[in-house]
file coords.cif (mmCIF, C-alpha atoms and all ligand atoms)
data_target
#
loop_
_atom_site.label_atom_id
_atom_site.label_comp_id
_atom_site.auth_asym_id
_atom_site.auth_seq_id
_atom_site.Cartn_x
_atom_site.Cartn_y
_atom_site.Cartn_z
CA MET A 1 0.00 0.00 0.00
CA ASP A 2 1.42 3.38 -1.03
CA PHE A 3 0.06 6.52 0.59
CA ASP A 4 2.36 8.86 -1.36
CA PRO A 5 0.90 10.60 -4.41
CA THR A 6 2.84 9.99 -7.63
CA GLU A 7 4.76 12.81 -9.33
CA ASP A 8 1.91 13.05 -11.89
CA GLN A 9 -0.67 13.34 -9.13
CA LYS A 10 1.36 16.05 -7.36
CA MET A 11 1.65 17.99 -10.62
CA MET A 12 -2.11 17.67 -11.33
CA VAL A 13 -3.04 18.86 -7.83
CA GLU A 14 -0.64 21.81 -8.08
CA ALA A 15 -2.02 22.75 -11.50
CA VAL A 16 -5.62 22.76 -10.18
CA ALA A 17 -4.57 24.76 -7.11
CA ARG A 18 -2.91 27.32 -9.44
CA LEU A 19 -5.99 27.42 -11.67
CA SER A 20 -8.10 28.13 -8.57
CA ALA A 21 -5.80 30.83 -7.23
CA ASP A 22 -4.90 32.57 -10.50
CA ALA A 23 -8.09 32.27 -12.60
CA LEU A 24 -11.12 31.23 -10.53
CA ALA A 25 -10.61 33.09 -7.23
CA PRO A 26 -10.28 36.50 -9.00
CA ILE A 27 -13.53 35.83 -10.90
CA LEU A 28 -15.38 34.96 -7.68
CA ALA A 29 -13.85 37.95 -5.86
CA ARG A 30 -15.06 40.45 -8.46
CA GLU A 31 -18.69 39.14 -8.28
CA PRO A 32 -21.16 39.77 -5.42
CA ALA A 33 -20.30 37.30 -2.61
CA SER A 34 -23.91 36.53 -1.68
CA GLN A 35 -25.56 36.09 -5.07
CA PRO A 36 -25.60 33.21 -7.52
CA LEU A 37 -23.08 33.76 -10.33
CA SER A 38 -24.64 34.71 -13.65
CA LYS A 39 -24.80 32.31 -16.57
CA ALA A 40 -22.14 34.39 -18.36
CA VAL A 41 -19.75 34.12 -15.40
CA MET A 42 -20.38 30.37 -15.15
CA ALA A 43 -19.57 30.07 -18.87
CA GLU A 44 -16.28 31.85 -18.21
CA ILE A 45 -15.53 29.48 -15.29
CA TYR A 46 -16.44 26.38 -17.31
CA GLY A 47 -14.16 27.62 -20.10
CA HIS A 48 -11.25 27.55 -17.61
CA LEU A 49 -12.28 24.13 -16.26
CA ALA A 50 -12.55 22.67 -19.78
CA GLY A 51 -9.08 24.03 -20.61
CA PHE A 52 -7.74 21.78 -17.84
CA GLY A 53 -9.84 18.75 -18.86
CA LEU A 54 -11.90 19.03 -15.67
CA THR A 55 -15.43 19.15 -17.13
CA ALA A 56 -15.79 15.41 -17.73
CA MET A 57 -13.28 13.89 -15.33
CA ARG A 58 -14.87 10.48 -14.83
CA LEU A 59 -16.25 10.08 -18.36
CA PRO A 60 -14.28 7.32 -20.16
CA VAL A 61 -11.74 8.44 -22.78
CA GLU A 62 -13.55 6.52 -25.54
CA LEU A 63 -16.57 8.79 -24.95
CA GLY A 64 -14.38 11.92 -25.09
CA GLY A 65 -13.91 12.41 -21.34
CA SER A 66 -10.74 12.60 -19.25
CA GLY A 67 -11.18 9.00 -18.02
CA MET A 68 -9.52 9.95 -14.77
CA SER A 69 -9.33 7.56 -11.83
CA MET A 70 -11.69 8.44 -8.97
CA VAL A 71 -8.67 8.83 -6.65
CA ASP A 72 -7.14 11.44 -9.00
CA TYR A 73 -10.51 13.18 -9.19
CA GLY A 74 -10.69 13.17 -5.38
CA LEU A 75 -7.17 14.58 -5.00
CA MET A 76 -8.05 17.53 -7.23
CA ILE A 77 -11.64 18.39 -6.36
CA GLY A 78 -10.85 19.86 -2.92
CA GLU A 79 -8.52 22.42 -4.54
CA LEU A 80 -11.39 24.16 -6.34
CA PRO A 81 -13.60 26.86 -4.76
CA PRO A 82 -16.47 24.89 -3.13
CA ALA A 83 -19.35 26.43 -5.13
CA VAL A 84 -17.48 25.67 -8.37
CA ALA A 85 -16.56 22.18 -7.18
CA LEU A 86 -20.19 21.28 -6.33
CA SER A 87 -21.35 22.57 -9.71
CA LEU A 88 -18.68 20.53 -11.41
CA VAL A 89 -19.49 17.28 -9.59
CA SER A 90 -23.14 17.72 -10.63
CA HIS A 91 -22.19 18.54 -14.24
CA ASP A 92 -19.67 15.71 -14.52
CA GLY A 93 -21.96 13.13 -12.88
CA SER A 94 -24.89 14.19 -15.06
CA THR A 95 -22.68 14.02 -18.17
CA VAL A 96 -21.86 10.40 -17.29
CA ARG A 97 -25.57 9.68 -16.75
CA MET A 98 -26.35 11.20 -20.15
CA ALA A 99 -23.51 9.49 -22.00
CA THR A 100 -24.36 6.09 -20.52
CA GLY A 101 -27.59 5.22 -22.17
CA ALA A 102 -28.54 8.23 -24.31
CA PRO A 103 -29.39 7.43 -27.91
CA GLU A 104 -26.52 8.13 -30.32
CA ASP A 105 -28.26 11.15 -31.83
CA LEU A 106 -28.61 12.89 -28.45
CA ARG A 107 -25.02 12.13 -27.57
CA GLN A 108 -23.81 13.55 -30.89
CA ARG A 109 -25.79 16.72 -30.28
CA HIS A 110 -24.74 17.44 -26.71
CA LEU A 111 -21.75 15.45 -25.46
CA ASN A 112 -18.97 17.49 -27.08
CA GLU A 113 -20.58 20.72 -25.90
CA LEU A 114 -20.74 19.39 -22.34
CA ILE A 115 -17.13 18.23 -22.43
CA ALA A 116 -16.04 21.60 -23.84
CA GLY A 117 -17.91 23.35 -21.01
CA ARG A 118 -20.06 25.28 -23.48
CA LYS A 119 -23.17 23.64 -22.03
CA ILE A 120 -23.97 22.81 -18.40
CA ILE A 121 -26.11 19.84 -17.35
CA CYS A 122 -27.83 18.87 -14.11
CA THR A 123 -29.90 16.03 -12.68
CA ALA A 124 -33.37 16.76 -11.29
CA THR A 125 -34.67 13.98 -9.03
CA SER A 126 -35.71 15.48 -5.66
CA GLU A 127 -39.24 16.80 -5.24
CA PRO A 128 -41.17 18.51 -2.44
CA GLU A 129 -42.55 15.12 -1.33
CA ALA A 130 -39.61 12.97 -2.47
CA GLY A 131 -36.29 13.81 -0.82
CA SER A 132 -34.48 10.91 0.85
CA ASN A 133 -37.08 8.58 -0.63
CA SER A 134 -36.37 9.07 -4.33
CA ASN A 135 -38.78 6.23 -5.16
CA ALA A 136 -41.66 8.52 -4.17
CA ILE A 137 -41.24 10.86 -7.13
CA ARG A 138 -44.42 12.03 -8.82
CA THR A 139 -43.13 13.91 -11.86
CA ARG A 140 -45.07 12.19 -14.57
CA VAL A 141 -43.99 11.21 -18.07
CA THR A 142 -46.51 9.95 -20.61
CA PHE A 143 -45.48 8.59 -23.97
CA ASP A 144 -47.66 9.16 -27.00
CA GLY A 145 -46.07 7.81 -30.18
CA GLU A 146 -43.07 9.99 -31.04
CA THR A 147 -43.53 12.46 -28.18
CA ALA A 148 -43.33 12.43 -24.41
CA ARG A 149 -45.01 14.89 -22.02
CA ILE A 150 -43.54 15.75 -18.64
CA SER A 151 -45.29 17.44 -15.71
CA GLY A 152 -44.04 17.89 -12.16
CA ARG A 153 -42.07 19.94 -9.67
CA LYS A 154 -38.44 19.39 -8.70
CA MET A 155 -36.64 20.89 -5.67
CA TRP A 156 -33.06 21.60 -4.63
CA ILE A 157 -31.50 21.12 -8.05
CA THR A 158 -27.81 22.04 -8.31
CA ASN A 159 -26.89 24.06 -11.43
CA ALA A 160 -30.52 24.30 -12.61
CA SER A 161 -30.56 28.08 -13.10
CA VAL A 162 -27.45 27.98 -15.30
CA ALA A 163 -28.05 24.61 -16.96
CA ASP A 164 -28.78 24.07 -20.65
CA LEU A 165 -29.88 20.48 -20.11
CA PHE A 166 -31.74 18.62 -17.37
CA ILE A 167 -31.86 14.90 -16.75
CA VAL A 168 -35.30 14.62 -15.18
CA THR A 169 -36.24 11.55 -13.19
CA CYS A 170 -39.88 10.81 -13.99
CA THR A 171 -42.36 8.03 -13.40
CA SER A 172 -44.84 6.41 -15.75
CA GLY A 173 -46.51 4.35 -13.01
CA THR A 174 -45.59 0.89 -11.73
CA ASP A 175 -44.56 -2.35 -13.42
CA ALA A 176 -46.44 -5.66 -13.22
CA ALA A 177 -44.82 -6.38 -9.83
CA GLY A 178 -45.91 -2.98 -8.46
CA LYS A 179 -42.38 -1.51 -8.58
CA PRO A 180 -42.15 2.18 -9.60
CA LEU A 181 -41.31 2.48 -13.29
CA ASN A 182 -38.91 5.41 -13.36
CA HIS A 183 -37.40 6.99 -16.45
CA ARG A 184 -34.63 9.51 -17.08
CA MET A 185 -35.71 12.10 -19.63
CA LEU A 186 -33.41 14.67 -21.21
CA VAL A 187 -35.05 18.10 -21.31
CA GLU A 188 -33.51 21.19 -22.90
CA ARG A 189 -33.80 24.39 -20.83
CA ASP A 190 -35.49 26.30 -23.63
CA ARG A 191 -38.48 23.92 -23.98
CA PRO A 192 -41.78 25.76 -23.34
CA GLY A 193 -43.16 24.98 -19.86
CA VAL A 194 -39.81 24.88 -17.99
CA THR A 195 -39.43 27.48 -15.22
CA VAL A 196 -36.57 27.78 -12.74
CA THR A 197 -36.59 29.66 -9.41
CA GLU A 198 -33.42 30.09 -7.38
CA ILE A 199 -33.55 29.10 -3.66
CA PRO A 200 -31.36 31.25 -1.36
CA LEU A 201 -29.13 29.13 0.91
CA THR A 202 -27.17 29.66 4.10
CA GLY A 203 -23.86 28.92 2.33
CA LEU A 204 -22.33 28.48 -1.16
CA ARG A 205 -24.17 31.67 -2.03
CA GLN A 206 -22.43 32.14 -5.37
CA GLY A 207 -23.65 28.66 -6.34
CA HIS A 208 -27.00 27.58 -7.77
CA LEU A 209 -29.79 25.60 -6.14
CA SER A 210 -33.26 25.84 -7.63
CA GLU A 211 -36.81 24.71 -7.83
CA VAL A 212 -37.77 23.63 -11.36
CA ASN A 213 -41.30 23.33 -12.69
CA PHE A 214 -42.18 21.25 -15.73
CA GLU A 215 -45.63 22.16 -16.99
CA ASP A 216 -46.72 19.82 -19.75
CA VAL A 217 -43.26 19.98 -21.33
CA VAL A 218 -43.11 18.15 -24.66
CA VAL A 219 -39.92 16.39 -25.77
CA PRO A 220 -39.32 13.73 -28.43
CA ALA A 221 -39.87 10.23 -27.00
CA ASP A 222 -36.27 9.34 -27.88
CA HIS A 223 -35.12 11.78 -25.18
CA ALA A 224 -35.47 8.83 -22.81
CA ILE A 225 -32.07 7.79 -21.46
CA GLY A 226 -31.47 4.12 -20.76
CA GLU A 227 -34.20 1.60 -20.15
CA PRO A 228 -37.39 2.14 -18.14
CA GLY A 229 -36.75 1.18 -14.52
CA ASP A 230 -32.93 1.53 -14.67
CA ALA A 231 -32.88 5.12 -13.32
CA GLY A 232 -32.21 4.02 -9.72
CA LYS A 233 -29.24 1.79 -10.61
CA LEU A 234 -27.33 4.47 -12.50
CA MET A 235 -28.21 7.11 -9.92
CA THR A 236 -26.65 4.94 -7.22
CA LEU A 237 -23.43 4.42 -9.20
CA VAL A 238 -22.94 8.17 -9.61
CA TRP A 239 -24.00 8.88 -6.00
CA ASN A 240 -21.37 6.39 -4.78
CA GLY A 241 -18.72 8.39 -6.60
CA ASN A 242 -20.14 11.77 -5.61
CA ARG A 243 -20.27 11.10 -1.87
CA PRO A 244 -16.52 10.93 -1.14
CA LEU A 245 -15.99 13.79 -3.64
CA LEU A 246 -18.40 16.03 -1.71
CA GLY A 247 -16.63 14.96 1.49
CA LEU A 248 -13.28 16.01 0.02
CA ILE A 249 -14.67 19.40 -1.06
CA ALA A 250 -15.84 20.03 2.52
CA LEU A 251 -12.43 18.90 3.84
CA GLY A 252 -10.74 21.29 1.38
CA ILE A 253 -12.61 24.13 3.10
CA ALA A 254 -11.58 22.78 6.52
CA ARG A 255 -7.93 22.64 5.44
CA ARG A 256 -8.04 26.35 4.60
CA ALA A 257 -9.57 27.03 8.03
CA LEU A 258 -6.74 25.06 9.66
CA ALA A 259 -4.13 27.14 7.80
CA LEU A 260 -5.75 30.32 9.15
CA ALA A 261 -5.86 28.89 12.68
CA GLN A 262 -2.19 27.86 12.57
CA GLU A 263 -1.15 31.31 11.42
CA HIS A 264 -3.32 33.04 14.01
CA CYS A 265 -2.09 30.86 16.87
CA ALA A 266 1.53 31.46 15.87
CA THR A 267 1.15 35.26 15.93
CA ARG A 268 -1.55 36.08 18.51
CA ARG A 269 -0.08 36.45 22.02
CA GLN A 270 -1.92 36.14 25.33
CA PHE A 271 -0.46 35.74 28.85
CA GLY A 272 2.96 36.69 27.40
CA ARG A 273 3.14 33.77 24.97
CA PRO A 274 1.87 32.88 21.48
CA LEU A 275 -1.44 30.98 21.59
CA ALA A 276 0.38 28.14 19.81
CA ALA A 277 2.51 27.56 22.92
CA MET A 278 -0.56 26.76 25.09
CA GLN A 279 -1.29 23.08 25.71
CA LEU A 280 -5.04 23.28 25.08
CA VAL A 281 -4.51 25.26 21.89
CA GLN A 282 -2.16 22.55 20.60
CA GLN A 283 -4.78 19.99 21.49
CA ASP A 284 -7.35 21.88 19.39
CA LEU A 285 -4.92 22.20 16.46
CA SER A 286 -4.17 18.49 16.72
CA GLU A 287 -7.91 17.74 16.85
CA ILE A 288 -8.53 19.76 13.68
CA GLU A 289 -5.79 18.03 11.71
CA MET A 290 -6.90 14.63 13.02
CA LEU A 291 -10.50 15.29 11.90
CA ILE A 292 -9.34 16.31 8.43
CA GLU A 293 -6.70 13.64 7.80
CA SER A 294 -8.73 10.67 9.08
CA ALA A 295 -11.69 11.62 6.89
CA ARG A 296 -9.50 12.42 3.86
CA LEU A 297 -7.99 8.93 3.93
CA THR A 298 -11.45 7.36 4.33
CA CYS A 299 -12.71 9.27 1.27
CA LEU A 300 -9.67 8.32 -0.84
CA SER A 301 -10.02 4.70 0.26
CA ALA A 302 -13.68 4.64 -0.89
CA LEU A 303 -12.66 6.15 -4.24
CA HIS A 304 -9.86 3.59 -4.57
CA ALA A 305 -12.38 0.78 -4.00
CA MET A 306 -14.40 2.18 -6.93
CA ASP A 307 -11.28 2.34 -9.13
CA MET A 308 -10.70 -1.33 -8.29
CA GLY A 309 -14.25 -2.15 -9.37
CA ARG A 310 -15.29 -3.17 -5.86
CA ARG A 311 -18.72 -2.49 -4.37
CA ALA A 312 -18.37 0.75 -2.47
CA ASN A 313 -21.90 1.65 -1.35
CA GLY A 314 -21.06 1.37 2.37
CA ALA A 315 -17.52 2.80 2.13
CA SER A 316 -18.70 5.79 0.14
CA ALA A 317 -21.64 6.55 2.46
CA MET A 318 -19.36 6.25 5.50
CA ALA A 319 -16.76 8.52 3.85
CA LYS A 320 -19.18 11.35 3.11
CA ARG A 321 -20.78 11.19 6.56
CA LEU A 322 -17.41 11.22 8.32
CA ALA A 323 -15.89 13.91 6.09
CA THR A 324 -18.75 16.42 6.07
CA GLY A 325 -19.28 16.04 9.84
CA ASN A 326 -15.53 16.36 10.55
CA ALA A 327 -15.20 19.38 8.25
CA VAL A 328 -17.91 21.33 10.08
CA ARG A 329 -16.43 20.38 13.48
CA ALA A 330 -12.88 21.30 12.33
CA ILE A 331 -13.96 24.71 11.06
CA ASP A 332 -15.91 25.35 14.26
CA LEU A 333 -12.73 24.66 16.28
CA ALA A 334 -10.70 26.93 13.97
CA MET A 335 -13.28 29.69 14.60
CA GLN A 336 -12.99 29.16 18.36
CA LEU A 337 -9.20 29.49 18.22
CA HIS A 338 -9.68 32.93 16.67
CA GLY A 339 -11.82 34.16 19.57
CA ALA A 340 -14.05 37.08 18.54
CA LEU A 341 -12.22 37.36 15.22
CA GLY A 342 -13.46 33.87 14.32
CA ILE A 343 -17.06 34.99 14.12
CA THR A 344 -16.41 38.15 12.11
CA GLU A 345 -17.11 38.25 8.39
CA GLU A 346 -13.63 39.71 7.91
CA MET A 347 -11.82 36.42 8.64
CA GLY A 348 -13.97 34.42 6.23
CA LEU A 349 -14.26 31.53 8.71
CA GLU A 350 -17.99 31.99 9.23
CA GLN A 351 -18.47 31.66 5.47
CA MET A 352 -16.33 28.51 5.45
CA TRP A 353 -18.55 27.08 8.20
CA ARG A 354 -21.74 27.95 6.28
CA ASP A 355 -20.30 26.55 3.02
CA ALA A 356 -19.14 23.28 4.60
CA ARG A 357 -22.48 22.78 6.38
CA ILE A 358 -24.28 22.61 3.04
CA PHE A 359 -22.48 19.38 2.11
CA GLN A 360 -24.19 17.40 4.88
CA VAL A 361 -27.41 17.28 2.83
CA PRO A 362 -26.97 16.52 -0.91
CA ASP A 363 -26.51 12.97 -2.23
CA GLY A 364 -27.62 11.51 1.09
CA THR A 365 -28.28 13.21 4.44
CA MET A 366 -26.22 12.17 7.46
CA GLY A 367 -29.06 9.92 8.63
CA ILE A 368 -29.61 8.25 5.27
CA LEU A 369 -25.86 7.67 4.82
CA SER A 370 -25.71 5.83 8.14
CA LEU A 371 -28.66 3.69 7.00
CA ILE A 372 -26.93 2.86 3.70
CA HIS A 373 -23.77 1.93 5.59
CA GLY A 374 -25.80 -0.10 8.11
CA ARG A 375 -27.59 -1.93 5.30
CA GLU A 376 -24.23 -2.91 3.79
CA MET A 377 -22.99 -4.13 7.20
CA THR A 378 -26.07 -6.14 8.14
CA GLY A 379 -27.67 -7.05 4.83
CA MET A 380 -30.92 -5.57 6.19
CA ALA A 381 -32.56 -2.40 4.93
CA ALA A 382 -33.88 -0.21 7.75
CA PHE A 383 -35.42 2.37 5.43
C1 LIG A 401 -26.74 21.76 -1.83
C2 LIG A 401 -27.74 20.75 -2.31
C3 LIG A 401 -27.67 20.27 -3.60
C4 LIG A 401 -28.63 19.37 -4.07
N1 LIG A 401 -28.57 18.98 -5.38
C5 LIG A 401 -29.53 18.17 -5.87
C6 LIG A 401 -29.54 17.85 -7.28
O1 LIG A 401 -28.70 18.32 -8.06
N2 LIG A 401 -30.53 17.04 -7.73
C7 LIG A 401 -31.49 16.52 -6.91
O2 LIG A 401 -32.35 15.80 -7.41
N3 LIG A 401 -31.50 16.81 -5.56
C8 LIG A 401 -30.54 17.63 -5.04
N4 LIG A 401 -30.56 17.97 -3.70
C9 LIG A 401 -31.61 17.45 -2.86
C10 LIG A 401 -31.10 16.41 -1.86
O3 LIG A 401 -30.80 15.22 -2.55
C11 LIG A 401 -32.20 16.23 -0.79
O4 LIG A 401 -32.27 17.45 -0.07
C12 LIG A 401 -31.87 15.08 0.14
O5 LIG A 401 -32.01 13.86 -0.53
C13 LIG A 401 -32.75 15.07 1.38
O6 LIG A 401 -34.09 15.23 1.04
P1 LIG A 401 -34.99 16.29 1.87
O7 LIG A 401 -34.24 17.58 1.85
O8 LIG A 401 -36.34 16.28 1.30
O9 LIG A 401 -35.00 15.77 3.35
P2 LIG A 401 -35.94 14.60 3.93
O10 LIG A 401 -35.86 13.39 3.09
O11 LIG A 401 -37.28 15.17 4.25
O12 LIG A 401 -35.17 14.29 5.28
C14 LIG A 401 -35.29 15.14 6.45
C15 LIG A 401 -34.56 14.47 7.59
O13 LIG A 401 -35.17 13.20 7.89
C16 LIG A 401 -34.20 12.18 7.87
N5 LIG A 401 -34.79 10.94 7.34
C17 LIG A 401 -35.47 10.77 6.18
N6 LIG A 401 -35.85 9.50 6.03
C18 LIG A 401 -35.39 8.83 7.10
C19 LIG A 401 -35.44 7.47 7.53
N7 LIG A 401 -36.03 6.51 6.81
N8 LIG A 401 -34.86 7.15 8.72
C20 LIG A 401 -34.24 8.10 9.45
N9 LIG A 401 -34.13 9.40 9.10
C21 LIG A 401 -34.71 9.75 7.94
C22 LIG A 401 -33.07 12.69 6.97
O14 LIG A 401 -31.83 12.09 7.29
C23 LIG A 401 -33.10 14.18 7.28
O15 LIG A 401 -32.32 14.44 8.41
C24 LIG A 401 -29.63 18.88 -3.20
C25 LIG A 401 -29.70 19.36 -1.89
C26 LIG A 401 -28.78 20.29 -1.44
C27 LIG A 401 -28.88 20.82 -0.05
#

call {"tool": "encode", "arguments": {"input": "coords.cif", "output": "structure tokens", "more": "lines below"}}
Ligand SMILES: Cc1cc2nc3c(=O)[nH]c(=O)nc-3n(C[C@H](O)[C@H](O)[C@H](O)COP(=O)(O)OP(=O)(O)OC[C@H]3O[C@@H](n4cnc5c(N)ncnc54)[C@H](O)[C@@H]3O)c2cc1C
result
Amino acid sequence: MDFDPTEDQKMMVEAVARLSADALAPILAREPASQPLSKAVMAEIYGHLAGFGLTAMRLPVELGGSGMSMVDYGLMIGELPPAVALSLVSHDGSTVRMATGAPEDLRQRHLNELIAGRKIICTATSEPEAGSNSNAIRTRVTFDGETARISGRKMWITNASVADLFIVTCTSGTDAAGKPLNHRMLVERDRPGVTVTEIPLTGLRQGHLSEVNFEDVVVPADHAIGEPGDAGKLMTLVWNGNRPLLGLIALGIARRALALAQEHCATRRQFGRPLAAMQLVQQDLSEIEMLIESARLTCLSALHAMDMGRRANGASAMAKRLATGNAVRAIDLAMQLHGALGITEEMGLEQMWRDARIFQVPDGTMGILSLIHGREMTGMAAF
């Protein structure tokens, strides 16, 4: 077992860190900090990401993607600004969902644009009455010869307000055994009947999370992706990959909080000594690094299992739960080490805390992740 990154991996991580610092951070800094970035700004950001081959990281090379290992993906994702990183994980995962199962014609029309970052895609599954229980979706698709009609309401959709394409999870009823018959339908943003409303969040405020309404939206019937009933299987595959990635994004934020805390404790003096020389302060610094490092290794291990083709449902759920919980706790400790400064807007730590907190919900809440892990450990589903 080798825990050291290769020279190639070190170079890739450094390149993404430079891209973040030199190109992306200045874009984010010049835009309002508490408003979703405009479509034009997102296009500029995706142009930079595409230039580095980051827009389709896990899409196989034969389909035009970067074909990167999940471990490499995980090493890089935490270097990006968190709102950009979440957008990218949604775009990249949705691109894989589209490319795996879309008819050739649809792929020809959209895949290159998605890989080039000229189009953005998202996946719309959650609904007001179907959150953790994605089998409860009510968005209806009806097929009538060459056309399909879609009606329903989706909630909490990443990227929706800047997306050109939606993969919409719909239902056409139940099969003979009474199982929900779900479909994935590709819907272009400019179809009549699609409306998107941004939902303000506590963190990641330059990012995009929306409600989307589909009111009798008509698409060609061949906009169906994959086979009826296979939506859940492919969702799970992408979720398994996403979970440790989201964990690593949250840990990336925590690592920046730790750097601030280390600097502050080295320079701030109380009782005639630097804070860093106090025993309890060292314990807190140790705690923060322990929280980050233990979760980082758990996330990378889950991604490695996926690269090896092993079942990773439990490992990936455990990784995201550990990492997002540890990140919030680590940032909270870093805030405490700053005293009053820690809760000012000036230090940026309160924003880090708000941003990291967001990651405890998407692609499985803390509770649902423990149930997925428990199901893998016991062979019994408790939900
Ligand atoms: C930043 C962000 C991005 C998102 N992006 C997308 C996206 O791109 N596409 C998309 O389709 N959705 C997206 N979502 C939605 C997300 O998947 C849902 O919010 C999530 O699945 C939880 O659903 P819910 O919010 O309705 O909570 P609920 O399902 O109502 O859960 C509420 C609470 O009850 C608990 N709970 C639920 N069921 C059980 C049970 N059986 N046993 C014990 N506890 C339970 C949960 O753990 C949670 O704590 C996003 C959400 C966020 C916050």

call {"tool": "closest_atom_pairs", "arguments": {"input": "coords.cif", "of": "chain A", "to": "ligand LIG 401 (chain A)", "cutoff": "7 Å", "atoms": "all atoms listed in the file", "output": "JSON lines"}}
result
{"residue": "A:Ser90", "atom": "CA", "partner": "A:LIG401", "partner_atom": "O1", "distance": 6.2}
{"residue": "A:Cys122", "atom": "CA", "partner": "A:LIG401", "partner_atom": "O1", "distance": 6.1}
{"residue": "A:Thr123", "atom": "CA", "partner": "A:LIG401", "partner_atom": "N2", "distance": 5.1}
{"residue": "A:Ala124", "atom": "CA", "partner": "A:LIG401", "partner_atom": "O2", "distance": 4.1}
{"residue": "A:Thr125", "atom": "CA", "partner": "A:LIG401", "partner_atom": "O2", "distance": 3.4}
{"residue": "A:Ser126", "atom": "CA", "partner": "A:LIG401", "partner_atom": "O2", "distance": 3.8}
{"residue": "A:Pro128", "atom": "CA", "partner": "A:LIG401", "partner_atom": "O8", "distance": 6.5}
{"residue": "A:Glu129", "atom": "CA", "partner": "A:LIG401", "partner_atom": "O8", "distance": 6.8}
{"residue": "A:Ala130", "atom": "CA", "partner": "A:LIG401", "partner_atom": "O8", "distance": 6.0}
{"residue": "A:Gly131", "atom": "CA", "partner": "A:LIG401", "partner_atom": "O6", "distance": 3.2}
{"residue": "A:Ser132", "atom": "CA", "partner": "A:LIG401", "partner_atom": "O10", "distance": 3.6}
{"residue": "A:Asn133", "atom": "CA", "partner": "A:LIG401", "partner_atom": "O10", "distance": 6.2}
{"residue": "A:Met155", "atom": "CA", "partner": "A:LIG401", "partner_atom": "N3", "distance": 6.6}
{"residue": "A:Trp156", "atom": "CA", "partner": "A:LIG401", "partner_atom": "N4", "distance": 4.5}
{"residue": "A:Ile157", "atom": "CA", "partner": "A:LIG401", "partner_atom": "C6", "distance": 3.9}
{"residue": "A:Thr158", "atom": "CA", "partner": "A:LIG401", "partner_atom": "O1", "distance": 3.8}
{"residue": "A:Asn159", "atom": "CA", "partner": "A:LIG401", "partner_atom": "O1", "distance": 6.9}
{"residue": "A:Leu209", "atom": "CA", "partner": "A:LIG401", "partner_atom": "C3", "distance": 6.3}
{"residue": "A:Ile358", "atom": "CA", "partner": "A:LIG401", "partner_atom": "C1", "distance": 5.5}
{"residue": "A:Phe359", "atom": "CA", "partner": "A:LIG401", "partner_atom": "C1", "distance": 6.3}
{"residue": "A:Val361", "atom": "CA", "partner": "A:LIG401", "partner_atom": "C27", "distance": 4.8}
{"residue": "A:Pro362", "atom": "CA", "partner": "A:LIG401", "partner_atom": "C25", "distance": 4.1}
{"residue": "A:Asp363", "atom": "CA", "partner": "A:LIG401", "partner_atom": "O3", "distance": 4.9}
{"residue": "A:Gly364", "atom": "CA", "partner": "A:LIG401", "partner_atom": "O5", "distance": 5.2}
{"residue": "A:Thr365", "atom": "CA", "partner": "A:LIG401", "partner_atom": "O14", "distance": 4.7}
{"residue": "A:Met366", "atom": "CA", "partner": "A:LIG401", "partner_atom": "O14", "distance": 5.6}
{"residue": "A:Gly367", "atom": "CA", "partner": "A:LIG401", "partner_atom": "O14", "distance": 3.8}
{"residue": "A:Ile368", "atom": "CA", "partner": "A:LIG401", "partner_atom": "O14", "distance": 4.9}
{"residue": "A:Phe383", "atom": "CA", "partner": "A:LIG401", "partner_atom": "N7", "distance": 4.4}

call {"tool": "residues_around", "arguments": {"input": "coords.cif", "residues": "Val187 (chain A)", "least_positions_apart": "2", "cutoff": "10 Å", "atoms": "only C-alpha atoms", "output": "list in words"}}
result
Ile121, Ile150, Asp164, Leu165, Phe166, Ile167, Val168, Arg184, Met185, Arg189, Asp190, Arg191, Val194, Phe214, Val217, Val218, Val219, Pro220, His223 and Ala224 of chain A

call {"tool": "residues_around", "arguments": {"input": "coords.cif", "residues": "Pro36 (chain A)", "least_positions_apart": "3", "cutoff": "7 Å", "atoms": "all atoms listed in the file", "output": "ChimeraX atom specification"}}
result
/A:205-208

call {"tool": "residues_around", "arguments": {"input": "coords.cif", "residues": "Arg58 (chain A)", "least_positions_apart": "2", "cutoff": "10 Å", "atoms": "all atoms listed in the file", "output": "ChimeraX atom specification"}}
result
/A:54-56,60-61,65-70,72-73,89,92-93,95-96,238,241

call {"tool": "closest_residue", "arguments": {"input": "coords.cif", "among": "A:Ile199, A:Ala381, A:Ala315, A:Ile77", "to": "Gln35 (chain A)", "atoms": "only C-alpha atoms"}}
result
A:Ile199

call {"tool": "atom_distance", "arguments": {"input": "coords.cif", "atom1": "CA of Phe143 (chain A)", "atom2": "CA of Asp222 (chain A)"}}
result
10.0 Å

call {"tool": "closest_residue", "arguments": {"input": "coords.cif", "among": "A:Thr147, A:Asn326, A:Thr236, A:Thr174", "to": "Leu291 (chain A)", "atoms": "all atoms listed in the file"}}
result
A:Asn326

call {"tool": "atom_distance", "arguments": {"input": "coords.cif", "atom1": "CA of Glu62 (chain A)", "atom2": "CA of Pro244 (chain A)"}}
result
25.0 Å

call {"tool": "residues_near_point", "arguments": {"input": "coords.cif", "point": "(-1.2, 22.5, -3.1)", "cutoff": "12 Å", "atoms": "all atoms listed in the file", "output": "ChimeraX atom specification"}}
result
/A:9-21,75-80,252,255-256

call {"tool": "atom_distance", "arguments": {"input": "coords.cif", "atom1": "CA of Asn242 (chain A)", "atom2": "CA of Gly53 (chain A)"}}
result
18.2 Å

call {"tool": "closest_residue", "arguments": {"input": "coords.cif", "among": "A:Glu289, A:Glu345, A:Asp22, A:Glu188", "to": "Ala163 (chain A)", "atoms": "only C-alpha atoms"}}
result
A:Glu188
